[in-house]
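All remarks here apply to the structure that follows.
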Amino acid sequence: MSKLRITIITLACFLVFLITASWWKKDIVASQLINIFSGEVVIQELTGLRLGIKEVSIKEVRLKSSIDSDILLEGVKIVYPFHIIYDRDNTQKIELSIEKLTRSMQVGDSTIEAVTYKHPPVKNVTNNKILSLSSISQNLIRFLPGKVLVKEMAFDSLLTGGPLNIVRNDVNIHAETPFRHPQLGKLKLSLKAELGSSEIKISPRILSKTSKNLSEANITIIRKDADTWTLNSRVISNLETISPLVEIIKPHVNNPAKLTASGHLEATGSINLPDNLLLKSNYQDFKLQLSGSGLKASIPYSPISSTIETYLSTKSPIEIGAKSLLPFKPQYIKGNGELDISLRIDETTETPLIKMDFYSSTSATAPKLETEGTFYLSGANTVLNSPLYLRQFPALPLDITEGEVAFKGELQLSSLSNIADPEINNFKLELIPGKTVILDISIPTSNKNLPLSTTGLRQSRLQANIEDNIFIIGDLSIPGHRDIKITRGAITAKVDSTNSNSSLLMAADDIQCYLSGITTCNFELETRVPKLVDQVKKLTITNLHSTAKIQIESSHVNHKLKLENIKVSAEKTNATEVKISNLEVKVPTVNCKITGLIICTSPKIDSQLGKITSEQFSLSGQLNLIENSVKIKNGEIDLESNFEALELEVETPENYSVNSSAKGTLSLQNNKITSRSQIVAGTIKIDLSGHYNLLKSSGEVQISIPDIAFDSNHTLSDTIKGLPINIVSGKLTAGGSLSLPTQPGDTIHVNMADIAVIFKDSFATGITGDLKVENTAGHWVTPNLIPLSIESVNAGLPMENIQLSLQLDKQQDITLHNFSADFLQGKVTSPALVWNLDKKTRKSTVNAQDISLEALAQETGSGNFEASGFIDLSIPLVIGAEGITVESGQLQGEAPGGHLRYYGAFSPQMLASNPQLKLIANALEDYEFRTFKGSINYLASGDLQLQLKLVGRSEAIDSERDLIINLNLENNIPDMLRSLQASRDLTETLEKQLDQ
């Protein structure tokens with residue numbers, strides 16, 4: 001058993017006498033008390049010793065104890081010292097005086113971070129070690145000098161005292177000294193003792209300077225028999241007055257914490273003591289009754305740079321009864337009172353943490369503690385602003401503005417048999433609704449990894465409420481088994497941005513948690529976001545709503561998370577380039593397992609896209625993700641998923657639309673996305689495969705469109721609605737290889753066989769060719785000339801048997817090389833027809849030979865025009881930003897000429913008023929021409945201007961004389977073609993052409 005470390009202050013003043021006496025008689029009181037009260041004392045230095053028959057004087061004595069306490073005694077004098085040897089019964093005449101007593105401590109930091117105190121094992125001493133209470137009393141009477149005077153005492157820089165006067169008159173001892181402390185002023189310590197052989201009385205007091213009792217104790221020790229005493233005591237104390245004295249003896253205790261106390265305390269107690277004070281197991285029948293008001297204890301706590309303040313007041317006395325004190329074997333503990341705990345940052349700032357009433361009782365040897373009070377969460381700000389918290393959570397500074405949580409609690413210990421190391425049998429804590437917790441959140445702008453860092457919620461205020469009582473119940477009655485459950489709870493929270501319109505509502509309901517060998521928690525979570533704004537990503541979400549049932553399972557080996565019945569919907573989602581309306585996502589279940597690796601799986605995720613719109617398109621439909629798996633390790637994400645898209649409808653601003661479906665696979669491994677998919681729209685199937693590297697921001701996609709057969713029952717417009725072009729016959733195959741972003745070497749090819757196309761009221765049939773373009777130096781070009789044939793093109797006038805070689809070059813010129821076509825029984829040719837995709841001006845020449853005027857008349861279907869003969873044309877084309885124009889084209893009739901009949905074109909009124917027009921009209925009714933020539937001009941407006949000169953004869957005028965006619969004709973070609981298109985049945989004409 002280690003030696004006691006508690007110093008009796010009132011005896012410190014005569015330690016020198018005991019030490020001096022120990023030089024001669026080590027078997028008496030010195031040896032019994034010095035080591036017990038002061039540890040093992042060693043004389044470090046002794047100077048100025050003078051011995052005399054009547055007086056002994058010492059200039060200085062420096063002592064050091066094993067508890068790091070140094071004591072310096074100055075000016076020591078002992079009058080009649082040798083009475084202690086030769087006249088022990090007359091020590092009353094001995095007088096001891098000390099000019100100054102100084103004590104200094106060598107201790108470290110007195111603050112504490114955490115205290116865990118366990119009583120040392122109690123061992124009974126053997127009979128050969130005796131510290132007898134009766135012997136101590138007798139030896140004090142025999143060897144304590146009649147007078148002791150210590151003129152000045154200094155225990156630290158704050159506490160000083162003196163003069164100390166001790167007077168012994170036989171068995172009566174009286175000691176008295178003033179002492180001074182900055183906080184308390186001047187006080188007086190008084191001690192009276194009566195050391196009888198069968199009864200000992202001790203009465204210490206602390207008095208004010210007006211002699212008012214501030215703290216006092218009355219202790220009576222009565223001998224029951226030779227080996228037993230009974231101690232009865234009563235203490236009334238203002239704890240603040242004794243705190244300086246506690247500071248003196250504190251270094252002698254195992255816990256060196258800086259603890260200060262104040263308040264009024266009353267205590268009465270009794271215990272049976274053994275005469276041999278070292279027989280600790282004989283401390284029996286202990287009873288203590290405590291009551292107090294305004295009791296305060298202050299404990300500095302360095303991790304949060306604050307002091308923990310506790311305030312205690314009793315409503316009824318706290319009573320403790322024990323059969324044995326060492327070891328402590330309590331029989332009952334009961335009483336009730338009030339306990340407040342707060343944090344003090346400085347002299348003027350103190351915030352409450354807990355205020356509660358408590359009631360303790362003992363039933364069937366098991367103590368029970370019941371509490372009711374309030375947690376004040378605003379007091380936690382001291383912790384949230386402490387270096388300890390900011391080191392652990394630097395990215396999430398919090399500030400609890402206000403908040404209270406009312407609670408009721410009950411704690412039951414298994415028994416009182418081991419109160420020094422108590423075992424909790426069960427406990428119950430009930431959190432009660434009623435108060436709002438307000439929390440301010442401010443995420444630093446430098447931390448962009450947190451989900452809220454770029455939203456309006458980066459600086460926000462959270463308001464949380466307990467909506468339904470939360471019960472936390474624990475059953476720890478089985479050793480080694482923990483069974484704790486949380487039931488019934490419901491919590492709501494609202495987060496409002498302090499500088500934007502963003503807000504978030506959350507509700508956790510039906511909370512059920514079980515903490516046993518495996519910890520599980522189940523609850524239903526609902527969130528609502530009326531408006532969320534991400535200013536950096538330029539993202540706005542309106543009316544976001546989600547619900548889910550969440551189950552958490554945790555053990556020391558791994559953790560599991562299960563989410564069921566997940567539903568997420570958003571009314572509007574607006575991004576920079578995309579808008580989404582009425583998005584809905586449903587997930588039946590998600591299972592996650594967390595060890596060193598996070599693995600999450602979900603059999604299916606259903607998404608109803610509502611409508612996704614951008615400048616280029618709008619999209620709606622359903623997207624389902626199947627057999628989903630996600631793995632996360634060291635921040636790396638791997639993903640595997642199959643997907644299917646159903647009833648996808650894509651629409652463009654030009655009102656083109658397509659209904660399609662898709663299915664495929666998607667994976668993400670080592671920051672590389674890989675996908676295979678097939679898109680089906682009507683008879684069109686598009687196979688896609690590719691990959692994309694997230695770190696390099698590059699990828700590649702392969703496109704394949706297998707044979708598509710078009711016919712009257714399966715046209716392009718059946719699949720893609722609203723297009724100005726429609727493929728109604730033939731076969732088409734396409735494919736390509738594209739880089740993301742586009743790179744040199746990318747290719748696209750399209751193979752067409754007998755394709756028939758309708759464009760508005762025009763059509764083309766028999767389009768056959770194998771088109772291929774590739775990316776070269778950032779431009780799409782054709783690597784070679786591409787032969788292309790078209791059976792017919794009819795935009796009002798038919799053109800047939802078209803042959804050409806297509807080229808696209810780096811200047812974005814599309815050139816039709818060696819163009820030839822049959823037109824009106826003649827031939828249209830051009831060595832190169834060119835136009836530029838960037839609308840730069842390009843010039844080409846078109847030649848036409850043997851164009852039949854008779855065929856032209858038949859095709860135009862004019863009832864008042866007949867013609868025969870053939871003409872040749874040379875047409876210089878200019879194609880640019882304004883469109884197609886012709887300037888000074890030439891027209892020449894072929895020999896031997898031809899015949900014109902043009903009648904009924906002019907009204908009688910026009911002819912009557914214009915004799916010259918009447919002459920020409922009469923001539924054209926039957927005109928044989930030998931010469932037919934002129935110039936052609938075509939304007940960007942579509943107006944064709946012909947200046948013609950005809951030389952020939954008319955039977956209606958004079959068949960023997962040449963008639964020269966100069967005509968200036970003007971017609972709008974687009975209007976004429978539209979008129980020709982309107983005059984025919986397009987479907988019938990096309991079908992005839994396809995049949996041919």
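Chain labels run A, B, ... following the order of the structure tokens; each chain numbers its residues from 1, and ligands are numbered from 1 in the order shown.
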_Which residues are close to range 677-686 of chain A, i.e. within 8 Å by only C-alpha atoms, leaving aside same-chain residues fewer than 5 positions away? Reply as a PyMOL selection string._
chain A and resi 658-665+703-706+708-709+714+718-719
*Tell me which protein, DNA and RNA residues are within 6 Å of Gly321 in chain A, counting only C-alpha atoms, leaving out same-chain ones fewer than 2 positions away, and put them as a list of chain:residue names.*
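Once the nearby chain positions are removed, what remains is A:Phe286, A:Lys287, A:Pro330, A:Gln331, A:Tyr332.
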*From the set A:Leu688, A:Ile166, A:Ile552, A:Ala645, which residue has the shortest atom-to-atom contact distance to Ser190 in chain A, counting only C-alpha atoms?*
A:Ile166
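Between CA of Met506 in chain A and CA of Pro588 in chain A the interatomic distance comes to 20.8 Å.
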Per-residue nearest contacts of range 473-519 of chain A to range 537-543 of chain A (12 Å; only C-alpha atoms) as a tab-separated table:
residue	atom	partner	partner_atom	distance
A:Ser500	CA	A:Thr540	CA	11.6
A:Asn501	CA	A:Thr540	CA	10.4
A:Ser502	CA	A:Thr540	CA	9.1
A:Ser503	CA	A:Thr542	CA	10.1
A:Leu504	CA	A:Asn543	CA	9.9
A:Leu505	CA	A:Asn543	CA	10.7
Next, dump the selected residues to file, keeping only all heavy atoms, as a compact mmCIF listing (two decimals), in the first residue's frame.
# COMPACT_ATOMS: atom_id res chain seq x y z
N SER A 500 -28.59 33.76 -50.47
CA SER A 500 -29.29 33.42 -51.71
C SER A 500 -30.65 32.84 -51.36
O SER A 500 -31.03 32.77 -50.19
CB SER A 500 -28.47 32.41 -52.54
OG SER A 500 -28.55 31.13 -51.98
N ASN A 501 -31.37 32.38 -52.40
CA ASN A 501 -32.71 31.80 -52.18
C ASN A 501 -32.67 30.30 -51.95
O ASN A 501 -33.72 29.67 -51.86
CB ASN A 501 -33.60 32.11 -53.39
CG ASN A 501 -33.90 33.59 -53.53
OD1 ASN A 501 -34.00 34.29 -52.53
ND2 ASN A 501 -34.03 34.05 -54.75
N SER A 502 -31.48 29.69 -51.87
CA SER A 502 -31.39 28.25 -51.70
C SER A 502 -31.86 27.85 -50.30
O SER A 502 -31.62 28.55 -49.32
CB SER A 502 -29.95 27.78 -51.90
OG SER A 502 -29.53 28.00 -53.22
N SER A 503 -32.54 26.69 -50.23
CA SER A 503 -32.99 26.18 -48.95
C SER A 503 -33.12 24.67 -49.05
O SER A 503 -33.20 24.10 -50.14
CB SER A 503 -34.32 26.81 -48.51
OG SER A 503 -35.32 26.51 -49.46
N LEU A 504 -33.16 24.01 -47.88
CA LEU A 504 -33.23 22.56 -47.82
C LEU A 504 -34.04 22.16 -46.59
O LEU A 504 -33.84 22.69 -45.50
CB LEU A 504 -31.81 21.97 -47.71
CG LEU A 504 -31.67 20.49 -47.40
CD1 LEU A 504 -32.24 19.65 -48.54
CD2 LEU A 504 -30.21 20.12 -47.17
N LEU A 505 -35.01 21.25 -46.79
CA LEU A 505 -35.83 20.72 -45.69
C LEU A 505 -35.55 19.23 -45.57
O LEU A 505 -35.51 18.50 -46.57
CB LEU A 505 -37.31 20.96 -45.95
CG LEU A 505 -37.76 22.40 -46.18
CD1 LEU A 505 -39.23 22.44 -46.56
CD2 LEU A 505 -37.52 23.25 -44.94
*So which residues touch Val585 in chain A within 10 Å, counting only C-alpha atoms, skipping near sequence neighbours fewer than 6 positions away, as a list in words?*
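That gives Ser546, Ile566, Lys567, Val568, Ser569, Ala570, Ile605, Asp606, Ser607, Gln608, Leu609, Gln622, Leu623 and Asn624 of chain A.
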_Quick one: residues within 12 Å of range 221-223 of chain A, only C-alpha atoms, excluding same-chain residues fewer than 5 positions away - as a VMD selection string?_
chain A and resid 133 to 134 137 193 to 203 228 to 233 269 to 275
Restricted to N, CA and C atoms, what would the selected residues look like written as a PDB file, in the first residue's frame?
ATOM      1  N   LEU A 133      -3.834   5.345  16.764  1.00  0.00           N
ATOM      2  CA  LEU A 133      -4.461   6.633  17.040  1.00  0.00           C
ATOM      3  C   LEU A 133      -4.230   7.042  18.481  1.00  0.00           C
ATOM      4  N   SER A 134      -4.336   6.104  19.386  1.00  0.00           N
ATOM      5  CA  SER A 134      -4.110   6.437  20.809  1.00  0.00           C
ATOM      6  C   SER A 134      -2.669   6.823  21.044  1.00  0.00           C
ATOM      7  N   SER A 137      -2.048  10.369  19.757  1.00  0.00           N
ATOM      8  CA  SER A 137      -2.587  11.347  20.704  1.00  0.00           C
ATOM      9  C   SER A 137      -1.672  11.502  21.915  1.00  0.00           C
ATOM     10  N   ALA A 193      -8.107  21.448  20.034  1.00  0.00           N
ATOM     11  CA  ALA A 193      -8.125  19.991  20.152  1.00  0.00           C
ATOM     12  C   ALA A 193      -8.009  19.599  21.617  1.00  0.00           C
ATOM     13  N   GLU A 194      -8.770  18.534  21.985  1.00  0.00           N
ATOM     14  CA  GLU A 194      -8.683  17.954  23.326  1.00  0.00           C
ATOM     15  C   GLU A 194      -8.383  16.473  23.137  1.00  0.00           C
ATOM     16  N   LEU A 195      -7.140  16.081  23.526  1.00  0.00           N
ATOM     17  CA  LEU A 195      -6.646  14.734  23.235  1.00  0.00           C
ATOM     18  C   LEU A 195      -6.737  13.875  24.487  1.00  0.00           C
ATOM     19  N   GLY A 196      -7.967  13.446  24.803  1.00  0.00           N
ATOM     20  CA  GLY A 196      -8.138  12.567  25.953  1.00  0.00           C
ATOM     21  C   GLY A 196      -7.808  11.126  25.592  1.00  0.00           C
ATOM     22  N   SER A 197      -7.659  10.300  26.621  1.00  0.00           N
ATOM     23  CA  SER A 197      -7.306   8.900  26.373  1.00  0.00           C
ATOM     24  C   SER A 197      -8.486   8.108  25.819  1.00  0.00           C
ATOM     25  N   SER A 198      -9.731   8.516  26.118  1.00  0.00           N
ATOM     26  CA  SER A 198     -10.904   7.786  25.624  1.00  0.00           C
ATOM     27  C   SER A 198     -11.785   8.644  24.734  1.00  0.00           C
ATOM     28  N   GLU A 199     -11.463   9.907  24.614  1.00  0.00           N
ATOM     29  CA  GLU A 199     -12.245  10.793  23.759  1.00  0.00           C
ATOM     30  C   GLU A 199     -11.348  11.891  23.205  1.00  0.00           C
ATOM     31  N   ILE A 200     -11.440  12.089  21.911  1.00  0.00           N
ATOM     32  CA  ILE A 200     -10.659  13.120  21.230  1.00  0.00           C
ATOM     33  C   ILE A 200     -11.650  14.061  20.563  1.00  0.00           C
ATOM     34  N   LYS A 201     -11.429  15.363  20.797  1.00  0.00           N
ATOM     35  CA  LYS A 201     -12.268  16.379  20.179  1.00  0.00           C
ATOM     36  C   LYS A 201     -11.379  17.321  19.375  1.00  0.00           C
ATOM     37  N   ILE A 202     -11.799  17.596  18.114  1.00  0.00           N
ATOM     38  CA  ILE A 202     -11.049  18.501  17.247  1.00  0.00           C
ATOM     39  C   ILE A 202     -12.050  19.456  16.618  1.00  0.00           C
ATOM     40  N   SER A 203     -11.752  20.764  16.666  1.00  0.00           N
ATOM     41  CA  SER A 203     -12.658  21.778  16.119  1.00  0.00           C
ATOM     42  C   SER A 203     -11.856  22.800  15.323  1.00  0.00           C
ATOM     43  N   THR A 228     -11.026  -0.194  18.820  1.00  0.00           N
ATOM     44  CA  THR A 228     -11.979   0.496  17.958  1.00  0.00           C
ATOM     45  C   THR A 228     -12.361   1.841  18.546  1.00  0.00           C
ATOM     46  N   TRP A 229     -12.481   2.804  17.642  1.00  0.00           N
ATOM     47  CA  TRP A 229     -12.975   4.137  17.968  1.00  0.00           C
ATOM     48  C   TRP A 229     -14.186   4.440  17.086  1.00  0.00           C
ATOM     49  N   THR A 230     -15.037   5.330  17.541  1.00  0.00           N
ATOM     50  CA  THR A 230     -16.160   5.809  16.728  1.00  0.00           C
ATOM     51  C   THR A 230     -15.993   7.296  16.476  1.00  0.00           C
ATOM     52  N   LEU A 231     -15.992   7.679  15.192  1.00  0.00           N
ATOM     53  CA  LEU A 231     -15.822   9.083  14.794  1.00  0.00           C
ATOM     54  C   LEU A 231     -17.172   9.645  14.399  1.00  0.00           C
ATOM     55  N   ASN A 232     -17.533  10.788  14.970  1.00  0.00           N
ATOM     56  CA  ASN A 232     -18.713  11.545  14.582  1.00  0.00           C
ATOM     57  C   ASN A 232     -18.266  12.946  14.203  1.00  0.00           C
ATOM     58  N   SER A 233     -18.807  13.454  13.094  1.00  0.00           N
ATOM     59  CA  SER A 233     -18.341  14.771  12.645  1.00  0.00           C
ATOM     60  C   SER A 233     -19.498  15.562  12.059  1.00  0.00           C
ATOM     61  N   GLY A 269     -21.401  13.002   9.513  1.00  0.00           N
ATOM     62  CA  GLY A 269     -21.035  11.631   9.219  1.00  0.00           C
ATOM     63  C   GLY A 269     -20.507  10.917  10.436  1.00  0.00           C
ATOM     64  N   SER A 270     -20.411   9.602  10.325  1.00  0.00           N
ATOM     65  CA  SER A 270     -19.858   8.781  11.396  1.00  0.00           C
ATOM     66  C   SER A 270     -19.211   7.551  10.783  1.00  0.00           C
ATOM     67  N   ILE A 271     -18.243   6.983  11.515  1.00  0.00           N
ATOM     68  CA  ILE A 271     -17.556   5.784  11.053  1.00  0.00           C
ATOM     69  C   ILE A 271     -16.856   5.150  12.246  1.00  0.00           C
ATOM     70  N   ASN A 272     -16.739   3.837  12.245  1.00  0.00           N
ATOM     71  CA  ASN A 272     -15.936   3.117  13.236  1.00  0.00           C
ATOM     72  C   ASN A 272     -14.514   2.976  12.705  1.00  0.00           C
ATOM     73  N   LEU A 273     -13.520   3.500  13.515  1.00  0.00           N
ATOM     74  CA  LEU A 273     -12.115   3.478  13.118  1.00  0.00           C
ATOM     75  C   LEU A 273     -11.351   2.440  13.916  1.00  0.00           C
ATOM     76  N   PRO A 274     -10.394   1.783  13.301  1.00  0.00           N
ATOM     77  CA  PRO A 274      -9.494   0.916  14.085  1.00  0.00           C
ATOM     78  C   PRO A 274      -8.472   1.772  14.816  1.00  0.00           C
ATOM     79  N   ASP A 275      -8.033   1.350  15.973  1.00  0.00           N
ATOM     80  CA  ASP A 275      -6.978   2.088  16.672  1.00  0.00           C
ATOM     81  C   ASP A 275      -5.713   2.100  15.837  1.00  0.00           C
TER      82      ASP A 275
END
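Taking only C-alpha atoms, the non-local environment of range 906-917 of chain A within 12 Å (same-chain residues fewer than 5 positions away omitted) comprises Asn864, Asn922, Ala923, Leu924, Glu925, Ile965, Asn966 and Leu967 of chain A.
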What does the file look like for those residues with N, CA and C atoms, as a short mmCIF file (atom, residue, chain, number, x, y, z; two decimals), in the first residue's frame?
data_model
loop_
_atom_site.label_atom_id
_atom_site.label_comp_id
_atom_site.auth_asym_id
_atom_site.auth_seq_id
_atom_site.Cartn_x
_atom_site.Cartn_y
_atom_site.Cartn_z
N ASN A 864 -51.31 26.62 -124.62
CA ASN A 864 -51.23 27.64 -125.66
C ASN A 864 -49.81 27.77 -126.21
N ASN A 922 -49.97 37.60 -133.67
CA ASN A 922 -50.41 36.93 -134.87
C ASN A 922 -49.28 36.12 -135.49
N ALA A 923 -48.05 36.69 -135.42
CA ALA A 923 -46.91 36.00 -136.02
C ALA A 923 -46.57 34.74 -135.25
N LEU A 924 -46.67 34.76 -133.93
CA LEU A 924 -46.26 33.62 -133.10
C LEU A 924 -47.28 32.50 -133.12
N GLU A 925 -48.45 32.77 -133.70
CA GLU A 925 -49.43 31.70 -133.74
C GLU A 925 -48.99 30.59 -134.70
N ILE A 965 -38.09 38.79 -134.75
CA ILE A 965 -38.77 39.08 -133.47
C ILE A 965 -37.73 39.15 -132.35
N ASN A 966 -37.70 40.26 -131.61
CA ASN A 966 -36.86 40.41 -130.40
C ASN A 966 -37.77 40.34 -129.17
N LEU A 967 -37.50 39.37 -128.33
CA LEU A 967 -38.33 39.16 -127.12
C LEU A 967 -37.50 39.34 -125.85
#
*Nearby residues (only C-alpha atoms) at most 6 Å from His899 in chain A, same-chain spacing under 2 positions excluded, as a ChimeraX atom specification*: /A:867-868,927-928
Expected file: the selected residues, C-alpha atoms, as an mmCIF file, in the first residue's frame:
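Now in part_24.cif:
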data_model
loop_
_atom_site.group_PDB
_atom_site.id
_atom_site.type_symbol
_atom_site.label_atom_id
_atom_site.label_comp_id
_atom_site.auth_asym_id
_atom_site.auth_seq_id
_atom_site.Cartn_x
_atom_site.Cartn_y
_atom_site.Cartn_z
ATOM 1 C CA ALA A 867 -42.637 24.108 -130.207
ATOM 2 C CA SER A 868 -40.132 22.032 -132.080
ATOM 3 C CA TYR A 927 -43.864 30.807 -136.681
ATOM 4 C CA GLU A 928 -41.055 28.935 -138.396
#
*Between A:Pro653, A:Leu969, A:Asn165, A:Leu72, which has the minimum distance to Ser97 in chain A (counting only C-alpha atoms)?*
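Ranked by minimum distance to Ser97 in chain A, first place goes to A:Asn165.
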*asked:* From the options A:Glu955, A:Glu700, A:Asp340, A:Glu791, which residue's atoms come nearest to Met356 in chain A, counting only C-alpha atoms?
replied: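 Using only C-alpha atoms, Met356 in chain A sits closest to A:Asp340.
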*asked:* Using Å and a single decimal, report how far CA of Gln551 in chain A sits from CA of Leu666 in chain A.
replied: 28.0 Å
*Please report, as a ChimeraX atom specification, each residue of range 619-755 of chain A to which DSSP assigns helix (DSSP H, G or I) when run on this structure's backbone.*
/A:716-719
Would you write out those residues with N, CA, C and O atoms, as a PDB file, in the first residue's frame?
ATOM      1  N   LEU A 716     -38.408   6.843 -94.218  1.00  0.00           N
ATOM      2  CA  LEU A 716     -37.669   7.586 -93.198  1.00  0.00           C
ATOM      3  C   LEU A 716     -38.597   8.443 -92.348  1.00  0.00           C
ATOM      4  O   LEU A 716     -38.403   8.584 -91.139  1.00  0.00           O
ATOM      5  N   SER A 717     -39.634   8.993 -92.953  1.00  0.00           N
ATOM      6  CA  SER A 717     -40.558   9.852 -92.198  1.00  0.00           C
ATOM      7  C   SER A 717     -41.384   9.059 -91.198  1.00  0.00           C
ATOM      8  O   SER A 717     -41.946   9.638 -90.261  1.00  0.00           O
ATOM      9  N   ASP A 718     -41.483   7.740 -91.408  1.00  0.00           N
ATOM     10  CA  ASP A 718     -42.146   6.927 -90.388  1.00  0.00           C
ATOM     11  C   ASP A 718     -41.325   6.898 -89.098  1.00  0.00           C
ATOM     12  O   ASP A 718     -41.870   6.697 -88.014  1.00  0.00           O
ATOM     13  N   THR A 719     -40.017   7.064 -89.228  1.00  0.00           N
ATOM     14  CA  THR A 719     -39.120   7.034 -88.064  1.00  0.00           C
ATOM     15  C   THR A 719     -38.813   8.429 -87.553  1.00  0.00           C
ATOM     16  O   THR A 719     -38.932   8.710 -86.365  1.00  0.00           O
TER      17      THR A 719
END
